[in-house]
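Source file: coords-v4.txt; contents: compact mmCIF, N, CA and C atoms.
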# COMPACT_ATOMS: atom_id res chain seq x y z
N GLU A 1 -56.97 52.78 -1.76
CA GLU A 1 -58.13 52.06 -2.24
C GLU A 1 -59.33 53.00 -2.35
N VAL A 2 -59.50 53.88 -1.39
CA VAL A 2 -60.61 54.81 -1.40
C VAL A 2 -60.46 55.83 -2.53
N GLY A 3 -59.24 56.22 -2.84
CA GLY A 3 -59.00 57.22 -3.87
C GLY A 3 -58.96 56.68 -5.29
N TYR A 4 -59.06 55.38 -5.47
CA TYR A 4 -58.95 54.79 -6.81
C TYR A 4 -60.18 55.01 -7.68
N PRO A 5 -61.39 54.75 -7.19
CA PRO A 5 -62.56 54.93 -8.05
C PRO A 5 -62.63 56.36 -8.60
N GLY A 6 -62.79 56.44 -9.92
CA GLY A 6 -62.85 57.73 -10.59
C GLY A 6 -61.49 58.25 -11.02
N ARG A 7 -60.42 57.56 -10.59
CA ARG A 7 -59.06 57.98 -10.95
C ARG A 7 -58.28 56.83 -11.58
N GLU A 8 -59.00 55.91 -12.18
CA GLU A 8 -58.39 54.71 -12.75
C GLU A 8 -57.39 55.04 -13.86
N THR A 9 -57.73 55.97 -14.72
CA THR A 9 -56.84 56.36 -15.82
C THR A 9 -55.56 56.98 -15.27
N GLU A 10 -55.70 57.81 -14.27
CA GLU A 10 -54.54 58.44 -13.63
C GLU A 10 -53.64 57.38 -12.99
N ALA A 11 -54.24 56.38 -12.35
CA ALA A 11 -53.46 55.31 -11.73
C ALA A 11 -52.70 54.51 -12.78
N ALA A 12 -53.32 54.20 -13.89
CA ALA A 12 -52.65 53.47 -14.97
C ALA A 12 -51.49 54.29 -15.53
N ARG A 13 -51.70 55.57 -15.70
CA ARG A 13 -50.64 56.47 -16.19
C ARG A 13 -49.47 56.48 -15.20
N LEU A 14 -49.77 56.52 -13.92
CA LEU A 14 -48.73 56.51 -12.90
C LEU A 14 -47.90 55.23 -12.97
N ILE A 15 -48.56 54.09 -13.09
CA ILE A 15 -47.84 52.81 -13.18
C ILE A 15 -46.90 52.82 -14.39
N ARG A 16 -47.38 53.31 -15.51
CA ARG A 16 -46.56 53.34 -16.73
C ARG A 16 -45.35 54.26 -16.58
N SER A 17 -45.44 55.26 -15.71
CA SER A 17 -44.37 56.24 -15.58
C SER A 17 -43.32 55.88 -14.52
N LEU A 18 -43.55 54.86 -13.73
CA LEU A 18 -42.68 54.59 -12.58
C LEU A 18 -41.27 54.13 -12.93
N GLY A 19 -41.15 53.17 -13.80
CA GLY A 19 -39.84 52.63 -14.13
C GLY A 19 -39.41 53.03 -15.52
N ASP A 20 -38.22 52.60 -15.90
CA ASP A 20 -37.76 52.79 -17.27
C ASP A 20 -36.80 51.66 -17.61
N ALA A 21 -36.14 51.75 -18.75
CA ALA A 21 -35.29 50.65 -19.21
C ALA A 21 -34.14 50.35 -18.24
N GLU A 22 -33.76 51.31 -17.43
CA GLU A 22 -32.64 51.11 -16.52
C GLU A 22 -33.03 51.02 -15.05
N HIS A 23 -34.32 51.21 -14.75
CA HIS A 23 -34.76 51.24 -13.36
C HIS A 23 -36.03 50.45 -13.17
N ASP A 24 -36.03 49.61 -12.15
CA ASP A 24 -37.24 48.90 -11.78
C ASP A 24 -38.01 49.75 -10.79
N ALA A 25 -39.28 49.47 -10.66
CA ALA A 25 -40.11 50.20 -9.70
C ALA A 25 -41.06 49.22 -9.04
N VAL A 26 -41.52 49.57 -7.87
CA VAL A 26 -42.48 48.75 -7.15
C VAL A 26 -43.65 49.64 -6.76
N ALA A 27 -44.85 49.15 -7.01
CA ALA A 27 -46.07 49.85 -6.57
C ALA A 27 -46.85 48.88 -5.70
N CYS A 28 -47.50 49.39 -4.72
CA CYS A 28 -48.22 48.55 -3.76
C CYS A 28 -49.64 49.07 -3.60
N SER A 29 -50.60 48.16 -3.49
CA SER A 29 -51.98 48.56 -3.26
C SER A 29 -52.74 47.40 -2.65
N GLN A 30 -54.03 47.59 -2.50
CA GLN A 30 -54.91 46.59 -1.91
C GLN A 30 -55.49 45.68 -2.98
N GLY A 31 -55.99 44.55 -2.56
CA GLY A 31 -56.55 43.55 -3.46
C GLY A 31 -57.71 44.02 -4.31
N ASP A 32 -58.48 44.98 -3.84
CA ASP A 32 -59.63 45.45 -4.63
C ASP A 32 -59.19 46.32 -5.80
N VAL A 33 -58.04 46.97 -5.70
CA VAL A 33 -57.54 47.83 -6.76
C VAL A 33 -56.77 47.02 -7.81
N ILE A 34 -55.96 46.11 -7.37
CA ILE A 34 -55.03 45.39 -8.26
C ILE A 34 -55.73 44.70 -9.43
N PRO A 35 -56.77 43.89 -9.24
CA PRO A 35 -57.37 43.22 -10.40
C PRO A 35 -57.85 44.20 -11.46
N ASP A 36 -58.50 45.27 -11.05
CA ASP A 36 -59.00 46.24 -12.02
C ASP A 36 -57.86 46.95 -12.73
N LEU A 37 -56.84 47.38 -12.00
CA LEU A 37 -55.73 48.10 -12.60
C LEU A 37 -54.94 47.20 -13.56
N VAL A 38 -54.69 45.97 -13.18
CA VAL A 38 -53.98 45.03 -14.05
C VAL A 38 -54.80 44.79 -15.33
N ALA A 39 -56.09 44.59 -15.18
CA ALA A 39 -56.96 44.36 -16.35
C ALA A 39 -56.99 45.58 -17.27
N ARG A 40 -57.03 46.77 -16.70
CA ARG A 40 -57.03 48.00 -17.50
C ARG A 40 -55.73 48.15 -18.29
N LEU A 41 -54.60 47.92 -17.63
CA LEU A 41 -53.31 48.02 -18.31
C LEU A 41 -53.24 47.03 -19.47
N ALA A 42 -53.64 45.80 -19.22
CA ALA A 42 -53.60 44.77 -20.26
C ALA A 42 -54.53 45.12 -21.42
N ALA A 43 -55.75 45.50 -21.12
CA ALA A 43 -56.73 45.82 -22.17
C ALA A 43 -56.27 47.00 -23.02
N ALA A 44 -55.71 48.01 -22.40
CA ALA A 44 -55.28 49.20 -23.13
C ALA A 44 -54.20 48.88 -24.16
N ASP A 45 -53.37 47.86 -23.87
CA ASP A 45 -52.28 47.51 -24.77
C ASP A 45 -52.55 46.23 -25.55
N GLY A 46 -53.74 45.67 -25.41
CA GLY A 46 -54.06 44.45 -26.13
C GLY A 46 -53.27 43.25 -25.64
N TYR A 47 -52.83 43.29 -24.39
CA TYR A 47 -52.07 42.18 -23.83
C TYR A 47 -53.05 41.09 -23.39
N PRO A 48 -52.86 39.85 -23.85
CA PRO A 48 -53.78 38.77 -23.48
C PRO A 48 -53.66 38.41 -22.00
N LEU A 49 -54.77 38.41 -21.31
CA LEU A 49 -54.76 38.16 -19.88
C LEU A 49 -56.00 37.36 -19.52
N GLU A 50 -55.81 36.33 -18.73
CA GLU A 50 -56.93 35.51 -18.28
C GLU A 50 -57.82 36.31 -17.33
N GLU A 51 -59.11 36.31 -17.60
CA GLU A 51 -60.04 37.04 -16.74
C GLU A 51 -60.93 36.03 -16.03
N PRO A 52 -61.40 36.28 -14.85
CA PRO A 52 -61.14 37.50 -14.09
C PRO A 52 -59.72 37.49 -13.54
N VAL A 53 -59.16 38.70 -13.41
CA VAL A 53 -57.82 38.85 -12.87
C VAL A 53 -57.85 38.51 -11.38
N ARG A 54 -56.90 37.68 -10.98
CA ARG A 54 -56.80 37.27 -9.58
C ARG A 54 -55.73 38.10 -8.87
N ALA A 55 -55.94 38.31 -7.59
CA ALA A 55 -54.93 38.98 -6.75
C ALA A 55 -55.06 38.41 -5.34
N PRO A 56 -54.68 37.13 -5.16
CA PRO A 56 -54.79 36.52 -3.83
C PRO A 56 -53.93 37.27 -2.80
N LYS A 57 -54.36 37.21 -1.58
CA LYS A 57 -53.64 37.87 -0.49
C LYS A 57 -52.17 37.46 -0.50
N GLY A 58 -51.28 38.45 -0.46
CA GLY A 58 -49.85 38.20 -0.43
C GLY A 58 -49.21 37.96 -1.79
N SER A 59 -50.00 37.97 -2.86
CA SER A 59 -49.45 37.74 -4.19
C SER A 59 -48.87 39.03 -4.76
N THR A 60 -48.18 38.87 -5.89
CA THR A 60 -47.53 40.00 -6.56
C THR A 60 -47.79 39.89 -8.05
N TRP A 61 -48.02 41.02 -8.68
CA TRP A 61 -48.07 41.07 -10.14
C TRP A 61 -46.79 41.73 -10.62
N ALA A 62 -46.04 41.05 -11.47
CA ALA A 62 -44.87 41.62 -12.12
C ALA A 62 -45.32 42.09 -13.50
N VAL A 63 -45.21 43.38 -13.74
CA VAL A 63 -45.65 43.98 -15.00
C VAL A 63 -44.43 44.56 -15.69
N THR A 64 -44.19 44.12 -16.91
CA THR A 64 -43.07 44.63 -17.69
C THR A 64 -43.59 45.59 -18.74
N ILE A 65 -43.05 46.79 -18.74
CA ILE A 65 -43.47 47.84 -19.66
C ILE A 65 -42.27 48.23 -20.51
N ASP A 66 -42.46 48.26 -21.84
CA ASP A 66 -41.33 48.54 -22.73
C ASP A 66 -41.03 50.05 -22.77
N VAL A 67 -40.04 50.41 -23.59
CA VAL A 67 -39.60 51.80 -23.64
C VAL A 67 -40.67 52.75 -24.20
N GLU A 68 -41.63 52.20 -24.92
CA GLU A 68 -42.74 53.03 -25.40
C GLU A 68 -43.87 53.13 -24.39
N GLY A 69 -43.73 52.47 -23.25
CA GLY A 69 -44.75 52.53 -22.21
C GLY A 69 -45.86 51.51 -22.38
N ARG A 70 -45.63 50.47 -23.18
CA ARG A 70 -46.64 49.43 -23.41
C ARG A 70 -46.32 48.17 -22.62
N VAL A 71 -47.38 47.54 -22.13
CA VAL A 71 -47.22 46.29 -21.40
C VAL A 71 -46.76 45.19 -22.36
N VAL A 72 -45.66 44.51 -21.99
CA VAL A 72 -45.16 43.41 -22.82
C VAL A 72 -45.14 42.09 -22.06
N ALA A 73 -45.35 42.14 -20.74
CA ALA A 73 -45.43 40.91 -19.95
C ALA A 73 -46.14 41.20 -18.64
N MET A 74 -46.91 40.22 -18.17
CA MET A 74 -47.59 40.30 -16.88
C MET A 74 -47.57 38.92 -16.27
N ASP A 75 -47.07 38.83 -15.05
CA ASP A 75 -46.98 37.53 -14.39
C ASP A 75 -47.50 37.64 -12.96
N LEU A 76 -48.39 36.73 -12.61
CA LEU A 76 -48.87 36.63 -11.23
C LEU A 76 -47.91 35.73 -10.47
N ILE A 77 -47.37 36.24 -9.38
CA ILE A 77 -46.49 35.47 -8.52
C ILE A 77 -47.26 35.19 -7.24
N GLU A 78 -47.54 33.93 -7.03
CA GLU A 78 -48.33 33.54 -5.86
C GLU A 78 -47.59 33.84 -4.57
N ALA A 79 -48.32 34.05 -3.50
CA ALA A 79 -47.72 34.28 -2.19
C ALA A 79 -46.96 33.05 -1.74
N PRO A 80 -45.83 33.24 -1.08
CA PRO A 80 -45.10 32.08 -0.57
C PRO A 80 -45.86 31.44 0.58
N HIS A 81 -45.70 30.16 0.71
CA HIS A 81 -46.35 29.40 1.79
C HIS A 81 -45.31 28.51 2.44
N PRO A 82 -44.40 29.11 3.24
CA PRO A 82 -43.38 28.30 3.90
C PRO A 82 -44.00 27.26 4.81
N PRO A 83 -43.41 26.07 4.88
CA PRO A 83 -43.97 25.00 5.72
C PRO A 83 -44.22 25.43 7.17
N GLU A 84 -43.32 26.25 7.73
CA GLU A 84 -43.49 26.66 9.11
C GLU A 84 -44.71 27.55 9.32
N CYS A 85 -45.26 28.11 8.25
CA CYS A 85 -46.46 28.96 8.37
C CYS A 85 -47.74 28.19 8.04
N ALA A 86 -47.62 27.02 7.47
CA ALA A 86 -48.78 26.28 7.02
C ALA A 86 -49.72 25.94 8.16
N SER A 87 -49.20 25.68 9.33
CA SER A 87 -50.05 25.32 10.46
C SER A 87 -50.77 26.53 11.05
N ALA A 88 -50.38 27.75 10.65
CA ALA A 88 -51.00 28.96 11.18
C ALA A 88 -52.30 29.29 10.45
N ASP A 89 -52.58 28.62 9.33
CA ASP A 89 -53.79 28.93 8.56
C ASP A 89 -55.06 28.52 9.23

This structure in structure tokens:
Amino acid sequence: EVGYPGRETEAARLIRSLGDAEHDAVACSQGDVIPDLVARLAAADGYPLEEPVRAPKGSTWAVTIDVEGRVVAMDLIEAPHPPECASAD
């Protein structure tokens, strides 16, 4: 999170390079980085995305990048809330 400001373009390039047509990849970061990075990836490829980008605690963004390195899908997956954990909130 501390190293992200000023290196946003590098971070977006890294995300685009992680997976390929035959391999999935997982990247992890903090909530302050995720909304900006997701918005940057979408904007760069003209992918329609509801703003402001949300990244609730425990959520996941699934980003699909095609063989040319362009975003073709983005899905927010909400954090699970199992019943046994509901009383802990």

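All residues within chain A that the backbone DSSP calculation assigns to strand (DSSP E) are Thr60, Trp61, Ala62, Val63, Thr64, Ile65, Val71, Val72, Ala73, Met74, Asp75, Leu76 and Ile77 of chain A.
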
Seminar exercise, completed: Using all atoms listed in the file, the best pick from A:Glu51, A:Asp45, A:Glu10, A:Glu1 as closest to A:Gly31 would be A:Glu1

Problem set entry | Nearby residues (all atoms listed in the file) at most 8 Å from A:Asp36, same-chain spacing under 4 positions excluded, as number ranges by chain | A: 8, 31-32, 40-42, 53-54

Can you write just those residues out, N, CA and C atoms, as a tab-separated table (two decimals), keeping the file's coordinate frame?
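selection.tsv was written with the following content:
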chain	number	residue	atom	x	y	z
A	8	GLU	N	-59.00	55.91	-12.18
A	8	GLU	CA	-58.39	54.71	-12.75
A	8	GLU	C	-57.39	55.04	-13.86
A	31	GLY	N	-55.99	44.55	-2.56
A	31	GLY	CA	-56.55	43.55	-3.46
A	31	GLY	C	-57.71	44.02	-4.31
A	32	ASP	N	-58.48	44.98	-3.84
A	32	ASP	CA	-59.63	45.45	-4.63
A	32	ASP	C	-59.19	46.32	-5.80
A	40	ARG	N	-57.03	46.77	-16.70
A	40	ARG	CA	-57.03	48.00	-17.50
A	40	ARG	C	-55.73	48.15	-18.29
A	41	LEU	N	-54.60	47.92	-17.63
A	41	LEU	CA	-53.31	48.02	-18.31
A	41	LEU	C	-53.24	47.03	-19.47
A	42	ALA	N	-53.64	45.80	-19.22
A	42	ALA	CA	-53.60	44.77	-20.26
A	42	ALA	C	-54.53	45.12	-21.42
A	53	VAL	N	-59.16	38.70	-13.41
A	53	VAL	CA	-57.82	38.85	-12.87
A	53	VAL	C	-57.85	38.51	-11.38
A	54	ARG	N	-56.90	37.68	-10.98
A	54	ARG	CA	-56.80	37.27	-9.58
A	54	ARG	C	-55.73	38.10	-8.87

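Going from atom CA of A:Ala11 over to atom CA of A:Tyr47, you cover 17.9 Å.
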
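Counting from atom CA of A:Pro35, the distance to atom CA of A:Glu68 is 23.1 Å.
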
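Each of A:Leu37, A:Ile77, A:Gly3, A:Gln30 was checked against A:Ala62 using only N, CA and C atoms; the smallest atom-to-atom distance is that of A:Ile77.
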
Which residues, protein or nucleic acid, reach to within 6 Å of (-48.3, 34.1, -2.7) in the file's coordinates when using all atoms listed in the file, and can you give that as a CSV table (one decimal) with N, CA and C atoms, in the coordinates of the input?
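Writing the result to point.csv gives the following:
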chain,number,residue,atom,x,y,z
A,57,LYS,N,-54.4,37.2,-1.6
A,57,LYS,CA,-53.6,37.9,-0.5
A,57,LYS,C,-52.2,37.5,-0.5
A,58,GLY,N,-51.3,38.4,-0.5
A,58,GLY,CA,-49.8,38.2,-0.4
A,58,GLY,C,-49.2,38.0,-1.8
A,59,SER,N,-50.0,38.0,-2.9
A,59,SER,CA,-49.4,37.7,-4.2
A,59,SER,C,-48.9,39.0,-4.8
A,60,THR,N,-48.2,38.9,-5.9
A,60,THR,CA,-47.5,40.0,-6.6
A,60,THR,C,-47.8,39.9,-8.0
A,77,ILE,N,-47.4,36.2,-9.4
A,77,ILE,CA,-46.5,35.5,-8.5
A,77,ILE,C,-47.3,35.2,-7.2
A,78,GLU,N,-47.5,33.9,-7.0
A,78,GLU,CA,-48.3,33.5,-5.9
A,78,GLU,C,-47.6,33.8,-4.6
A,79,ALA,N,-48.3,34.0,-3.5
A,79,ALA,CA,-47.7,34.3,-2.2
A,79,ALA,C,-47.0,33.0,-1.7
A,80,PRO,N,-45.8,33.2,-1.1
A,80,PRO,CA,-45.1,32.1,-0.6
A,80,PRO,C,-45.9,31.4,0.6
A,81,HIS,N,-45.7,30.2,0.7
A,81,HIS,CA,-46.4,29.4,1.8
A,81,HIS,C,-45.3,28.5,2.4

For this session: For A:Val71, please output as a PyMOL selection string all residues within 12 Å (counting only C-alpha atoms; exclusion window: fewer than 5 positions along the same chain).
Result: chain A and resi 12-13+15-17+38-49+62-66

Seminar exercise, completed: If you count all atoms listed in the file, the residue of A:Val2, A:Ala21, A:Leu14, A:Leu76 closest to A:Ala55 turns out to be A:Leu76

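Across the model, the gap from atom CA of A:Val33 to atom CA of A:Tyr4 is 7.1 Å.
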
Could you please write out, as a compact mmCIF listing (two decimals) with N, CA and C atoms, in the frame of the given file, every residue of chain A that DSSP assigns to helix (DSSP H, G or I)?
# COMPACT_ATOMS: atom_id res chain seq x y z
N GLU A 8 -59.00 55.91 -12.18
CA GLU A 8 -58.39 54.71 -12.75
C GLU A 8 -57.39 55.04 -13.86
N THR A 9 -57.73 55.97 -14.72
CA THR A 9 -56.84 56.36 -15.82
C THR A 9 -55.56 56.98 -15.27
N GLU A 10 -55.70 57.81 -14.27
CA GLU A 10 -54.54 58.44 -13.63
C GLU A 10 -53.64 57.38 -12.99
N ALA A 11 -54.24 56.38 -12.35
CA ALA A 11 -53.46 55.31 -11.73
C ALA A 11 -52.70 54.51 -12.78
N ALA A 12 -53.32 54.20 -13.89
CA ALA A 12 -52.65 53.47 -14.97
C ALA A 12 -51.49 54.29 -15.53
N ARG A 13 -51.70 55.57 -15.70
CA ARG A 13 -50.64 56.47 -16.19
C ARG A 13 -49.47 56.48 -15.20
N LEU A 14 -49.77 56.52 -13.92
CA LEU A 14 -48.73 56.51 -12.90
C LEU A 14 -47.90 55.23 -12.97
N ILE A 15 -48.56 54.09 -13.09
CA ILE A 15 -47.84 52.81 -13.18
C ILE A 15 -46.90 52.82 -14.39
N ARG A 16 -47.38 53.31 -15.51
CA ARG A 16 -46.56 53.34 -16.73
C ARG A 16 -45.35 54.26 -16.58
N SER A 17 -45.44 55.26 -15.71
CA SER A 17 -44.37 56.24 -15.58
C SER A 17 -43.32 55.88 -14.52
N LEU A 18 -43.55 54.86 -13.73
CA LEU A 18 -42.68 54.59 -12.58
C LEU A 18 -41.27 54.13 -12.93
N ILE A 34 -55.96 46.11 -7.37
CA ILE A 34 -55.03 45.39 -8.26
C ILE A 34 -55.73 44.70 -9.43
N PRO A 35 -56.77 43.89 -9.24
CA PRO A 35 -57.37 43.22 -10.40
C PRO A 35 -57.85 44.20 -11.46
N ASP A 36 -58.50 45.27 -11.05
CA ASP A 36 -59.00 46.24 -12.02
C ASP A 36 -57.86 46.95 -12.73
N LEU A 37 -56.84 47.38 -12.00
CA LEU A 37 -55.73 48.10 -12.60
C LEU A 37 -54.94 47.20 -13.56
N VAL A 38 -54.69 45.97 -13.18
CA VAL A 38 -53.98 45.03 -14.05
C VAL A 38 -54.80 44.79 -15.33
N ALA A 39 -56.09 44.59 -15.18
CA ALA A 39 -56.96 44.36 -16.35
C ALA A 39 -56.99 45.58 -17.27
N ARG A 40 -57.03 46.77 -16.70
CA ARG A 40 -57.03 48.00 -17.50
C ARG A 40 -55.73 48.15 -18.29
N LEU A 41 -54.60 47.92 -17.63
CA LEU A 41 -53.31 48.02 -18.31
C LEU A 41 -53.24 47.03 -19.47
N ALA A 42 -53.64 45.80 -19.22
CA ALA A 42 -53.60 44.77 -20.26
C ALA A 42 -54.53 45.12 -21.42
N ALA A 43 -55.75 45.50 -21.12
CA ALA A 43 -56.73 45.82 -22.17
C ALA A 43 -56.27 47.00 -23.02
N ALA A 44 -55.71 48.01 -22.40
CA ALA A 44 -55.28 49.20 -23.13
C ALA A 44 -54.20 48.88 -24.16
N ASP A 45 -53.37 47.86 -23.87
CA ASP A 45 -52.28 47.51 -24.77
C ASP A 45 -52.55 46.23 -25.55
N PRO A 83 -43.41 26.07 4.88
CA PRO A 83 -43.97 25.00 5.72
C PRO A 83 -44.22 25.43 7.17
N GLU A 84 -43.32 26.25 7.73
CA GLU A 84 -43.49 26.66 9.11
C GLU A 84 -44.71 27.55 9.32
N CYS A 85 -45.26 28.11 8.25
CA CYS A 85 -46.46 28.96 8.37
C CYS A 85 -47.74 28.19 8.04
N ALA A 86 -47.62 27.02 7.47
CA ALA A 86 -48.78 26.28 7.02
C ALA A 86 -49.72 25.94 8.16
